[in-house]
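Trainee: Supplied in structure tokens, the structure appears directly below.
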Amino acid sequence: MKIFEHDVDLPGYSAADIWPALMELLHTPERYLAGCDRSAVREVMAEGTLIRLIRKKYFGSSQLEDEVVFTPCQMVEILVAVGPRWPRSAQVIAIQARKSGCRLVFSYEQNVLKDPMTGIYAELRNKAYMQKDLLFVGLLKKRLQHDSDSVQERQ
């Protein structure tokens, strides 16, 4: 069940422009994920055009393992298995081409029949997702600007 979705436009950038920076950030979730002290990529697999990472994220004394599936220049899926206090869940970042650039569509899904959070709890959760994603996009833009500045310096 999809529990939340929002999008962010990136004018002036194509999917091919943002892809390397997107992959880099998803290798280092501690840069944008609140409470994540560190992370480690435990395994990398290639299946045709798909790339799969198995990551372990550390939150103090707690650990969470997830799988990140990259479909180049189209989509990223972050899959979390069921745990002792949470259902199986997924975050999808889809890249859509626009006339003026591209759009990132962030969606969150949980393996539940009905959203377990309602009212203020759902609102707070969704705001937290959006804030995390906006931080992610800010870091992405910063990296893209850095890459653009580096190219201009070499010319």
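All residue names refer to the structure tokens as shown: chains lettered A, B, ... in order, residues numbered from 1 in each chain, ligands numbered from 1 in order.
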Mind checking DSSP for chain A and telling me the helix (DSSP H, G or I) residues as a VMD selection string?
Mentor: chain A and resid 15 to 26 29 to 31 119 to 154
Trainee: Could you write out the selected residues, including N, CA and C atoms, as a compact mmCIF listing (two decimals), in the first residue's frame?
Mentor:
# COMPACT_ATOMS: atom_id res chain seq x y z
N ALA A 15 18.03 13.07 -16.57
CA ALA A 15 18.25 11.88 -15.76
C ALA A 15 19.71 11.45 -15.82
N ALA A 16 20.31 11.54 -17.01
CA ALA A 16 21.73 11.17 -17.16
C ALA A 16 22.64 12.10 -16.35
N ASP A 17 22.25 13.38 -16.23
CA ASP A 17 23.04 14.33 -15.44
C ASP A 17 23.04 13.95 -13.96
N ILE A 18 21.88 13.58 -13.44
CA ILE A 18 21.78 13.37 -11.99
C ILE A 18 22.16 11.95 -11.56
N TRP A 19 22.17 10.99 -12.50
CA TRP A 19 22.36 9.60 -12.13
C TRP A 19 23.63 9.32 -11.32
N PRO A 20 24.82 9.79 -11.74
CA PRO A 20 26.03 9.48 -10.95
C PRO A 20 25.96 10.03 -9.51
N ALA A 21 25.44 11.22 -9.35
CA ALA A 21 25.32 11.81 -8.02
C ALA A 21 24.28 11.06 -7.18
N LEU A 22 23.20 10.64 -7.81
CA LEU A 22 22.17 9.87 -7.12
C LEU A 22 22.75 8.55 -6.60
N MET A 23 23.50 7.86 -7.43
CA MET A 23 24.12 6.60 -7.01
C MET A 23 25.10 6.82 -5.86
N GLU A 24 25.89 7.87 -5.97
CA GLU A 24 26.86 8.16 -4.91
C GLU A 24 26.16 8.40 -3.57
N LEU A 25 25.11 9.21 -3.57
CA LEU A 25 24.40 9.49 -2.32
C LEU A 25 23.76 8.24 -1.73
N LEU A 26 23.25 7.38 -2.57
CA LEU A 26 22.60 6.17 -2.06
C LEU A 26 23.60 5.15 -1.52
N PRO A 29 24.08 6.66 2.97
CA PRO A 29 22.84 7.19 3.55
C PRO A 29 23.06 8.01 4.82
N GLU A 30 24.18 7.84 5.49
CA GLU A 30 24.43 8.63 6.70
C GLU A 30 24.53 10.13 6.40
N ARG A 31 24.70 10.50 5.14
CA ARG A 31 24.78 11.91 4.76
C ARG A 31 23.42 12.61 4.79
N GLY A 119 -4.19 10.63 11.17
CA GLY A 119 -4.19 11.95 11.77
C GLY A 119 -2.81 12.55 11.89
N ILE A 120 -2.53 13.08 13.06
CA ILE A 120 -1.29 13.81 13.30
C ILE A 120 -0.07 12.91 13.14
N TYR A 121 -0.20 11.62 13.48
CA TYR A 121 0.93 10.70 13.35
C TYR A 121 1.34 10.52 11.89
N ALA A 122 0.36 10.34 11.02
CA ALA A 122 0.64 10.21 9.59
C ALA A 122 1.21 11.52 9.05
N GLU A 123 0.65 12.64 9.48
CA GLU A 123 1.14 13.94 9.03
C GLU A 123 2.61 14.15 9.44
N LEU A 124 2.94 13.81 10.67
CA LEU A 124 4.33 13.95 11.14
C LEU A 124 5.27 13.01 10.39
N ARG A 125 4.84 11.77 10.18
CA ARG A 125 5.66 10.82 9.42
C ARG A 125 5.92 11.35 8.01
N ASN A 126 4.87 11.83 7.35
CA ASN A 126 5.01 12.32 5.98
C ASN A 126 5.90 13.54 5.91
N LYS A 127 5.80 14.43 6.91
CA LYS A 127 6.69 15.60 6.95
C LYS A 127 8.14 15.16 7.13
N ALA A 128 8.37 14.14 7.95
CA ALA A 128 9.73 13.63 8.15
C ALA A 128 10.27 13.04 6.85
N TYR A 129 9.44 12.28 6.12
CA TYR A 129 9.85 11.76 4.82
C TYR A 129 10.22 12.90 3.88
N MET A 130 9.36 13.91 3.82
CA MET A 130 9.60 15.02 2.91
C MET A 130 10.88 15.77 3.28
N GLN A 131 11.09 16.03 4.57
CA GLN A 131 12.30 16.73 5.00
C GLN A 131 13.55 15.93 4.63
N LYS A 132 13.52 14.62 4.83
CA LYS A 132 14.65 13.77 4.46
C LYS A 132 14.89 13.86 2.96
N ASP A 133 13.83 13.79 2.18
CA ASP A 133 13.98 13.83 0.73
C ASP A 133 14.47 15.19 0.25
N LEU A 134 14.02 16.27 0.89
CA LEU A 134 14.50 17.60 0.50
C LEU A 134 15.97 17.78 0.85
N LEU A 135 16.41 17.22 1.97
CA LEU A 135 17.83 17.22 2.30
C LEU A 135 18.61 16.44 1.25
N PHE A 136 18.08 15.28 0.86
CA PHE A 136 18.68 14.45 -0.17
C PHE A 136 18.82 15.24 -1.48
N VAL A 137 17.76 15.91 -1.89
CA VAL A 137 17.78 16.69 -3.13
C VAL A 137 18.75 17.86 -3.01
N GLY A 138 18.82 18.49 -1.84
CA GLY A 138 19.78 19.57 -1.62
C GLY A 138 21.22 19.09 -1.80
N LEU A 139 21.54 17.93 -1.24
CA LEU A 139 22.87 17.34 -1.41
C LEU A 139 23.12 16.97 -2.87
N LEU A 140 22.09 16.47 -3.53
CA LEU A 140 22.20 16.13 -4.95
C LEU A 140 22.51 17.38 -5.78
N LYS A 141 21.78 18.46 -5.52
CA LYS A 141 22.02 19.71 -6.25
C LYS A 141 23.42 20.26 -5.97
N LYS A 142 23.85 20.15 -4.74
CA LYS A 142 25.19 20.62 -4.36
C LYS A 142 26.25 19.84 -5.14
N ARG A 143 26.07 18.54 -5.23
CA ARG A 143 27.01 17.70 -5.98
C ARG A 143 26.98 18.05 -7.46
N LEU A 144 25.80 18.26 -8.02
CA LEU A 144 25.67 18.61 -9.42
C LEU A 144 26.34 19.96 -9.71
N GLN A 145 26.18 20.92 -8.80
CA GLN A 145 26.81 22.22 -8.96
C GLN A 145 28.33 22.09 -8.89
N HIS A 146 28.81 21.26 -7.96
CA HIS A 146 30.24 21.02 -7.83
C HIS A 146 30.79 20.42 -9.13
N ASP A 147 30.09 19.43 -9.69
CA ASP A 147 30.51 18.81 -10.94
C ASP A 147 30.53 19.83 -12.07
N SER A 148 29.51 20.70 -12.12
CA SER A 148 29.43 21.72 -13.15
C SER A 148 30.58 22.72 -13.01
N ASP A 149 30.88 23.13 -11.78
CA ASP A 149 31.99 24.06 -11.54
C ASP A 149 33.32 23.43 -11.93
N SER A 150 33.50 22.14 -11.66
CA SER A 150 34.74 21.45 -12.01
C SER A 150 34.94 21.40 -13.52
N VAL A 151 33.86 21.15 -14.26
CA VAL A 151 33.93 21.11 -15.72
C VAL A 151 34.31 22.50 -16.24
N GLN A 152 33.71 23.56 -15.70
CA GLN A 152 34.01 24.92 -16.16
C GLN A 152 35.45 25.30 -15.86
N GLU A 153 35.99 24.86 -14.73
CA GLU A 153 37.38 25.16 -14.38
C GLU A 153 38.36 24.50 -15.34
N ARG A 154 38.02 23.30 -15.83
CA ARG A 154 38.90 22.58 -16.75
C ARG A 154 38.87 23.18 -18.15
Trainee: Near Ala94 of chain A, within 8 Å and counting only C-alpha atoms, which residues show up once chain neighbours fewer than 3 positions away are dropped, as a list in words?
Mentor: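 These residues fall inside the cut-off: Gln74, Met75, Val76, Leu104, Val105 and Phe106 of chain A.
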Trainee: If we count only C-alpha atoms, what is near Leu79 of chain A at a cut-off of 6 Å, once residues fewer than 5 positions away on the same chain are taken out, given as a count of residues only?
Mentor: 3
Trainee: Which of these residues is nearest to Cys102 of chain A, using only C-alpha atoms: A:Phe70, A:Phe59, A:Trp86, A:Tyr13?
Mentor: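 The shortest atom-to-atom distance to Cys102 of chain A comes from A:Tyr13.
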Trainee: Quick one: of A:Val112, A:Lys99, A:Met117, A:Pro87, who's nearest to Pro11 of chain A, counting only C-alpha atoms?
Mentor: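 Checking each of A:Val112, A:Lys99, A:Met117, A:Pro87 against Pro11 of chain A, counting only C-alpha atoms, the winner is A:Lys99.
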Trainee: As a PyMOL selection string, please: every residue in segment 52-96 of chain A that DSSP puts in strand (DSSP E).
Mentor: chain A and resi 52-59+62-71+75-80+89-96
Trainee: Would you export the selected residues with C-alpha atoms as a PDB file, in the first residue's frame, please?
Mentor:
ATOM      1  CA  ARG A  52      21.715  -4.230  -6.516  1.00  0.00           C
ATOM      2  CA  LEU A  53      23.341  -3.160  -3.275  1.00  0.00           C
ATOM      3  CA  ILE A  54      22.896  -4.789   0.089  1.00  0.00           C
ATOM      4  CA  ARG A  55      23.517  -2.083   2.698  1.00  0.00           C
ATOM      5  CA  LYS A  56      23.718  -2.142   6.443  1.00  0.00           C
ATOM      6  CA  LYS A  57      22.807   1.104   8.215  1.00  0.00           C
ATOM      7  CA  TYR A  58      23.730   1.747  11.841  1.00  0.00           C
ATOM      8  CA  PHE A  59      21.556   3.852  14.152  1.00  0.00           C
ATOM      9  CA  SER A  62      20.514  -0.667  16.159  1.00  0.00           C
ATOM     10  CA  GLN A  63      21.176  -1.975  12.668  1.00  0.00           C
ATOM     11  CA  LEU A  64      18.984  -2.158   9.591  1.00  0.00           C
ATOM     12  CA  GLU A  65      19.785  -3.997   6.397  1.00  0.00           C
ATOM     13  CA  ASP A  66      18.184  -2.994   3.130  1.00  0.00           C
ATOM     14  CA  GLU A  67      18.480  -3.691  -0.558  1.00  0.00           C
ATOM     15  CA  VAL A  68      18.847  -0.903  -3.107  1.00  0.00           C
ATOM     16  CA  VAL A  69      17.948  -1.697  -6.723  1.00  0.00           C
ATOM     17  CA  PHE A  70      19.097   0.763  -9.390  1.00  0.00           C
ATOM     18  CA  THR A  71      17.442   0.851 -12.816  1.00  0.00           C
ATOM     19  CA  MET A  75      14.340   4.476 -10.856  1.00  0.00           C
ATOM     20  CA  VAL A  76      15.774   3.410  -7.518  1.00  0.00           C
ATOM     21  CA  GLU A  77      13.971   1.061  -5.115  1.00  0.00           C
ATOM     22  CA  ILE A  78      15.009   0.774  -1.471  1.00  0.00           C
ATOM     23  CA  LEU A  79      13.572  -2.393   0.044  1.00  0.00           C
ATOM     24  CA  VAL A  80      13.436  -3.124   3.777  1.00  0.00           C
ATOM     25  CA  SER A  89       8.455  -1.485   3.204  1.00  0.00           C
ATOM     26  CA  ALA A  90       9.833   0.190   0.107  1.00  0.00           C
ATOM     27  CA  GLN A  91      10.855   3.638  -0.981  1.00  0.00           C
ATOM     28  CA  VAL A  92      10.892   4.343  -4.704  1.00  0.00           C
ATOM     29  CA  ILE A  93      12.627   7.291  -6.354  1.00  0.00           C
ATOM     30  CA  ALA A  94      11.401   7.538  -9.943  1.00  0.00           C
ATOM     31  CA  ILE A  95      13.032   9.896 -12.428  1.00  0.00           C
ATOM     32  CA  GLN A  96      10.654  11.531 -14.895  1.00  0.00           C
TER      33      GLN A  96
END
Trainee: I'd like to know which of A:Asn111, A:Thr118, A:Ser100, A:Thr28 is closest to Ala40 of chain A, using only C-alpha atoms.
Mentor: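 For Ala40 of chain A, the nearest of the candidates is A:Thr28.
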Trainee: Would you mind reading off the distance between atom CA of Ile3 of chain A and atom CA of Ser39 of chain A, one decimal, in Å?
Mentor: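 Straight-line distance from atom CA of Ile3 of chain A to atom CA of Ser39 of chain A works out to 25.9 Å.
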